[in-house]
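Read through the structure below, which is laid out as structure tokens, and then see the notes.
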Amino acid sequence: MFRDMPPMTTPVLSVRNLTVEIPTRRGILRPVDGVSLDIAAGETLGVVGESGAGKSMTGNAVIGLLEPPARIAGGEVHLKGARIDTLPPEAMRRIRGKRIGMIFQDPLTSLNPLLTVGDQLTETIRVHLGLGEAEAQARAIALLDEVGIPAARQRIGSYPFEFSGGMRQRVVIALALCAEPELVIADEPTTALDVSVQAQILALLKRLCRERGLAVMLVTHDMGVIAEAADRVAVVYAGRLAEIGPVREVIQNAAHPYTAGLMASTPLASLGQRRLRQIPGAMPRLDALPEGCAFHPRCDRADAPCRRDPAPTVSGCGGRAACWYPLVQAAGEDVA
Amino acid sequence: MSALISVRNLTRVFDVSKPWLNRVIERLPRAHLTAVSDVSFEVPERSVYALVGESGSGKSTIGKMVVGLLRPTSGAVEIGGVDLAGSSDAEAIARVRSDIQMIFQDPFASLNPRWRVRAIIEEPVAVRGGATAGLAERLLEQVGLAAGDADKYPHEFSGGQRQRICIARALASEPRVIVCDEPTSALDVSVQAQVLNLMSDLREEFGLTYLFISHDLTVVQHMADVIGVLYLGRLVEEAPRDTLFATPRHPYTQMLFDAAPRMDGFGREIVPPRGEIPDPINPPSGCAFHPRCPIAVERCRRERPEMRAVGGARVACHMAE
């Protein structure tokens, strides 16, 4: 759907035309439809959208954790230039955890409640890095220290329930980092946390991304989190990429009407006004996607082409958008 | 403007002790959690009062005590001059009860899945023997749904539509006060805007008073006239919205404002807040915020600050000026 843009160096993650399908009795659903994106080393790509837009499904498809019957039906996923979406499950399992780390929303469900955090860390370290018991233990303590758990040497024998929500999420981050991954996929990592703790976790993620040169895919529904933590942002709507570009441009100068509407409907954008700007209607269900551009029934710029054909890709300010009538576009760009 | 809701020295203590046998064997004392401690505020008629705070700050517990779902351990809630928990005038209580309604956070959990929308909306009126003919249809249209939706079941609606049904139910008994406990936290941004706009419209149309409970500062900034900031069960600051956002005086309020993600915070490097919310069963001595406070002095560890008026606001801090 999107044209390739020549990357300067090989990106850590490169997703091309990724399509995920779920066969159902009433037809095939496409929760992810032709998504293309790159993440470079040391870069955080925010993936933002409303519930059901396909943002988590994109992350799960990249790490090969789609729940059957969902499956990758098209497109390619490359990690450091090597294709990974066609790997057998066994090979994928070695990559997952070692080269790709994962952080999920609820730290309580992503940790084993019956094992101490030390056991969980050393097990992962030994499996992926082949270290001995003592070395793994030392590394686990160093990691807990790095993610900001006070008195790491004492806390390593504690069980997950003995930690607070924020500390648990730090443990999950340590677990994601323990095999020195190149890519981290963080799916709503701060959604279950309080504002003050969220700020701590975001600062930690930013620091790790910078110091270790990690590529981070940050999946969230919170535009504020994206603005603070992401370098670039991909906006998904009904399984398709509406817009992708540098975070400042996308938030302040969106090309796609959906992105602009999303930004305007946050209370902060309408400060001092009695009413919030709102997008009429709701995102369509996957089994009832409209023809043409999926956003056209809610769009005030929609016209005949939008109702008929999928939107073409246009260049915006430093990014690209899938829209017939973008709000901004690069000078000299020919809108087909 | 007279105060429609008056909350005075409201306190709620929960007994969180282990079972009797455990206490005997493990020699544990009884444990008490003070969820709300000595909170006082007033809400004038036709205004929006917001309570903000992080988890464990007691904001939902206050909401439940205001509508009468929980009894206060001490202190009182008066609505229109009637003390719901203390008054012995059954008739006055019954009258005030129908003046208060509540909207909950999770529209998937707060609608009975086995009831049709009509029965859900009519219930607050039907239980008091009121006339319900055409009520559901009229209210559904008022909240932006179709009259024909009255015969459907909750599962046929999306989250935002369900929250509209909850609002219609809350309006059914023609209340004066609606307590909204995180009414949009479960909704997506674009749907949240629709529901907040609806609530603003209804407030003007019916002259409603909202007690608005939220953890989201941006939502509160949009909706509230006066904001009370809670920390560990205590009110630490209360001010009109513009005053609070222009000059937050309590160090906790300042910390909350700094920590909240901003839409223009590109690459912002903030010093993240220190520490986490303490254990409410063993709260810190003196000012509960002192272990995390950047300007705490010895006095804060010893002595609990009382609420005092500082430049148009009420602040519970020794250092605020």
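Residue names in the structure tokens use chain letters A, B, ... in the order shown, residue numbers from 1 in each chain, and ligand numbers from 1 in the order shown.
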
(message) Could you list, as a VMD selection string, every residue within 12 Å of Gly118 of chain A, counting only C-alpha atoms and ignoring same-chain residues fewer than 2 positions away?
(response) chain A and resid 111 to 112 114 to 116 120 to 126 133 to 134 136 to 144 152 to 160 171 to 172 174 to 175 178

May I have the residues from that selection written out with C-alpha atoms, as a PDB file, in the first residue's frame?
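Output file result-v8.pdb follows:
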ATOM      1  CA  LEU A 111       5.125 -12.546  35.424  1.00  0.00           C
ATOM      2  CA  ASN A 112       4.830 -16.032  36.857  1.00  0.00           C
ATOM      3  CA  LEU A 114       4.899 -18.838  41.622  1.00  0.00           C
ATOM      4  CA  LEU A 115       8.526 -18.002  40.822  1.00  0.00           C
ATOM      5  CA  THR A 116      10.701 -15.332  42.398  1.00  0.00           C
ATOM      6  CA  GLN A 120      12.428 -15.745  36.179  1.00  0.00           C
ATOM      7  CA  LEU A 121      15.323 -13.478  35.227  1.00  0.00           C
ATOM      8  CA  THR A 122      18.082 -16.069  35.617  1.00  0.00           C
ATOM      9  CA  GLU A 123      16.075 -18.679  33.705  1.00  0.00           C
ATOM     10  CA  THR A 124      15.667 -16.324  30.762  1.00  0.00           C
ATOM     11  CA  ILE A 125      19.308 -15.239  30.899  1.00  0.00           C
ATOM     12  CA  ARG A 126      20.579 -18.821  31.006  1.00  0.00           C
ATOM     13  CA  GLU A 133      24.093 -19.931  37.498  1.00  0.00           C
ATOM     14  CA  ALA A 134      26.348 -17.461  39.286  1.00  0.00           C
ATOM     15  CA  ALA A 136      23.205 -15.225  35.443  1.00  0.00           C
ATOM     16  CA  GLN A 137      22.464 -14.237  39.026  1.00  0.00           C
ATOM     17  CA  ALA A 138      24.946 -11.379  38.890  1.00  0.00           C
ATOM     18  CA  ARG A 139      23.497 -10.204  35.605  1.00  0.00           C
ATOM     19  CA  ALA A 140      19.960 -10.342  36.975  1.00  0.00           C
ATOM     20  CA  ILE A 141      20.974  -8.123  39.889  1.00  0.00           C
ATOM     21  CA  ALA A 142      22.712  -5.680  37.546  1.00  0.00           C
ATOM     22  CA  LEU A 143      19.580  -5.514  35.385  1.00  0.00           C
ATOM     23  CA  LEU A 144      17.217  -4.895  38.301  1.00  0.00           C
ATOM     24  CA  ALA A 152      18.196  -5.225  43.926  1.00  0.00           C
ATOM     25  CA  ARG A 153      20.390  -7.791  45.682  1.00  0.00           C
ATOM     26  CA  GLN A 154      17.799  -8.220  48.438  1.00  0.00           C
ATOM     27  CA  ARG A 155      14.707  -8.011  46.205  1.00  0.00           C
ATOM     28  CA  ILE A 156      15.839 -10.729  43.800  1.00  0.00           C
ATOM     29  CA  GLY A 157      14.354 -13.403  46.061  1.00  0.00           C
ATOM     30  CA  SER A 158      10.941 -11.687  46.175  1.00  0.00           C
ATOM     31  CA  TYR A 159       7.800 -12.861  44.407  1.00  0.00           C
ATOM     32  CA  PRO A 160       5.923 -10.611  41.973  1.00  0.00           C
ATOM     33  CA  VAL A 171      10.824  -6.177  36.560  1.00  0.00           C
ATOM     34  CA  VAL A 172       9.018  -6.882  33.275  1.00  0.00           C
ATOM     35  CA  ALA A 174      14.354  -6.030  33.069  1.00  0.00           C
ATOM     36  CA  LEU A 175      13.028  -9.351  31.792  1.00  0.00           C
ATOM     37  CA  CYS A 178      17.945  -9.510  29.831  1.00  0.00           C
TER      38      CYS A 178
END

(request) Could you please tell me, as a PyMOL selection string, which residues of chain A have an atom within 9 Å of chain B when using only C-alpha atoms? (result) chain A and resi 49-51+164+166+193-203+221-231+247-248+251-252+261-282

May I have the residues from that selection written out with N, CA and C atoms, as a compact mmCIF listing (two decimals), in the first residue's frame?
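selection14.txt was written with the following content:
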# COMPACT_ATOMS: atom_id res chain seq x y z
N GLY A 49 -3.83 4.34 18.22
CA GLY A 49 -5.12 4.09 17.60
C GLY A 49 -6.13 3.77 18.67
N GLU A 50 -7.40 3.67 18.27
CA GLU A 50 -8.43 3.37 19.25
C GLU A 50 -8.55 1.87 19.42
N SER A 51 -9.34 1.44 20.41
CA SER A 51 -9.44 0.00 20.64
C SER A 51 -10.00 -0.68 19.40
N SER A 164 5.12 -3.42 44.06
CA SER A 164 4.02 -2.56 43.65
C SER A 164 3.89 -2.61 42.13
N GLY A 166 4.23 -0.37 39.79
CA GLY A 166 5.31 0.28 39.06
C GLY A 166 6.60 -0.55 39.11
N LEU A 193 -0.87 2.00 35.03
CA LEU A 193 -0.13 2.67 36.10
C LEU A 193 -0.65 4.08 36.37
N ASP A 194 -0.38 4.57 37.57
CA ASP A 194 -0.75 5.94 37.92
C ASP A 194 0.16 6.94 37.21
N VAL A 195 -0.34 8.18 37.13
CA VAL A 195 0.39 9.21 36.39
C VAL A 195 1.84 9.35 36.85
N SER A 196 2.05 9.40 38.16
CA SER A 196 3.42 9.65 38.64
C SER A 196 4.31 8.46 38.31
N VAL A 197 3.77 7.25 38.41
CA VAL A 197 4.56 6.06 38.10
C VAL A 197 4.77 5.95 36.59
N GLN A 198 3.74 6.33 35.83
CA GLN A 198 3.86 6.33 34.38
C GLN A 198 5.03 7.19 33.92
N ALA A 199 5.18 8.36 34.55
CA ALA A 199 6.28 9.26 34.19
C ALA A 199 7.62 8.59 34.47
N GLN A 200 7.69 7.84 35.57
CA GLN A 200 8.93 7.14 35.89
C GLN A 200 9.25 6.08 34.84
N ILE A 201 8.24 5.30 34.45
CA ILE A 201 8.46 4.20 33.51
C ILE A 201 8.83 4.76 32.12
N LEU A 202 8.16 5.85 31.73
CA LEU A 202 8.48 6.44 30.42
C LEU A 202 9.91 6.97 30.40
N ALA A 203 10.31 7.61 31.50
CA ALA A 203 11.68 8.12 31.58
C ALA A 203 12.68 6.97 31.49
N HIS A 221 -2.74 4.02 23.38
CA HIS A 221 -3.88 4.81 22.90
C HIS A 221 -3.75 6.25 23.38
N ASP A 222 -2.69 6.53 24.15
CA ASP A 222 -2.58 7.83 24.81
C ASP A 222 -1.68 8.77 24.00
N MET A 223 -2.27 9.81 23.44
CA MET A 223 -1.49 10.72 22.59
C MET A 223 -0.41 11.45 23.38
N GLY A 224 -0.70 11.73 24.65
CA GLY A 224 0.29 12.41 25.47
C GLY A 224 1.54 11.55 25.64
N VAL A 225 1.35 10.26 25.87
CA VAL A 225 2.48 9.34 26.01
C VAL A 225 3.29 9.32 24.72
N ILE A 226 2.60 9.28 23.60
CA ILE A 226 3.27 9.28 22.30
C ILE A 226 4.11 10.55 22.14
N ALA A 227 3.50 11.70 22.45
CA ALA A 227 4.18 12.97 22.27
C ALA A 227 5.47 13.01 23.09
N GLU A 228 5.40 12.45 24.31
CA GLU A 228 6.56 12.53 25.19
C GLU A 228 7.63 11.52 24.85
N ALA A 229 7.22 10.32 24.42
CA ALA A 229 8.18 9.23 24.37
C ALA A 229 8.58 8.80 22.96
N ALA A 230 7.79 9.15 21.94
CA ALA A 230 8.08 8.61 20.62
C ALA A 230 8.84 9.60 19.75
N ASP A 231 9.65 9.06 18.84
CA ASP A 231 10.31 9.90 17.83
C ASP A 231 9.42 10.04 16.61
N VAL A 247 6.88 12.67 15.14
CA VAL A 247 5.80 12.85 16.10
C VAL A 247 5.31 14.30 16.15
N ARG A 248 6.23 15.26 16.06
CA ARG A 248 5.81 16.65 16.15
C ARG A 248 4.91 17.05 14.97
N ILE A 251 1.39 15.31 15.20
CA ILE A 251 0.50 15.84 16.23
C ILE A 251 0.09 17.28 15.92
N GLN A 252 1.04 18.08 15.45
CA GLN A 252 0.71 19.49 15.27
C GLN A 252 0.21 19.84 13.87
N GLY A 261 -8.56 14.88 13.68
CA GLY A 261 -9.74 14.78 14.53
C GLY A 261 -9.40 14.18 15.89
N LEU A 262 -8.53 13.17 15.86
CA LEU A 262 -8.10 12.51 17.09
C LEU A 262 -7.40 13.51 18.01
N MET A 263 -6.50 14.29 17.43
CA MET A 263 -5.77 15.28 18.23
C MET A 263 -6.73 16.33 18.78
N ALA A 264 -7.65 16.78 17.94
CA ALA A 264 -8.55 17.86 18.35
C ALA A 264 -9.52 17.40 19.42
N SER A 265 -9.81 16.09 19.47
CA SER A 265 -10.81 15.64 20.44
C SER A 265 -10.22 15.39 21.82
N THR A 266 -8.88 15.50 21.97
CA THR A 266 -8.34 15.41 23.32
C THR A 266 -8.66 16.71 24.06
N PRO A 267 -9.02 16.59 25.34
CA PRO A 267 -9.45 17.79 26.08
C PRO A 267 -8.41 18.91 26.04
N LEU A 268 -7.13 18.54 25.99
CA LEU A 268 -6.08 19.55 26.02
C LEU A 268 -6.12 20.45 24.80
N ALA A 269 -6.52 19.87 23.66
CA ALA A 269 -6.50 20.64 22.42
C ALA A 269 -7.63 21.67 22.39
N SER A 270 -8.69 21.43 23.17
CA SER A 270 -9.83 22.35 23.14
C SER A 270 -9.89 23.19 24.40
N LEU A 271 -8.75 23.44 24.98
CA LEU A 271 -8.70 24.14 26.26
C LEU A 271 -9.42 25.48 26.18
N GLY A 272 -10.26 25.72 27.18
CA GLY A 272 -10.96 27.00 27.22
C GLY A 272 -12.22 27.03 26.39
N GLN A 273 -12.48 25.97 25.61
CA GLN A 273 -13.72 25.94 24.87
C GLN A 273 -14.74 25.11 25.62
N ARG A 274 -16.00 25.50 25.47
CA ARG A 274 -17.02 24.82 26.25
C ARG A 274 -17.21 23.38 25.74
N ARG A 275 -17.13 23.21 24.45
CA ARG A 275 -17.31 21.87 23.89
C ARG A 275 -16.01 21.38 23.29
N LEU A 276 -15.82 20.06 23.37
CA LEU A 276 -14.69 19.45 22.70
C LEU A 276 -15.06 19.24 21.24
N ARG A 277 -14.03 19.33 20.39
CA ARG A 277 -14.31 18.95 19.01
C ARG A 277 -14.45 17.44 18.97
N GLN A 278 -15.41 16.95 18.25
CA GLN A 278 -15.61 15.51 18.25
C GLN A 278 -15.69 14.96 16.83
N ILE A 279 -15.24 13.72 16.68
CA ILE A 279 -15.42 13.03 15.41
C ILE A 279 -16.76 12.32 15.51
N PRO A 280 -17.67 12.54 14.57
CA PRO A 280 -18.96 11.85 14.68
C PRO A 280 -18.78 10.35 14.49
N GLY A 281 -19.71 9.59 15.06
CA GLY A 281 -19.72 8.14 14.85
C GLY A 281 -18.62 7.42 15.61
N ALA A 282 -18.41 6.16 15.23
CA ALA A 282 -17.41 5.33 15.87
C ALA A 282 -16.69 4.52 14.80

(request) Kindly give the distance, in Å, that separates atom CA of Leu84 of chain B and atom CA of Ile167 of chain B, rounded to a single decimal. (result) 23.1 Å

(request) Going by DSSP on the backbone, which bits of segment 3-191 of chain A are strand (DSSP E or B)? Write them as a PyMOL selection string, please. (result) chain A and resi 13-24+27-39+44-48+71-79+82-83+96+100-103+183-187

(message) Need the shell around segment 237-243 of chain A: protein/DNA/RNA residues with any atom at most 8 Å away, counting only C-alpha atoms. Skip same-chain ones fewer than 2 positions apart. Format as a PyMOL selection string?
(response) chain A and resi 30-36+49-50+52-55+234-235+245+250+255-256+258-259+283-286+289+294-295+319-323
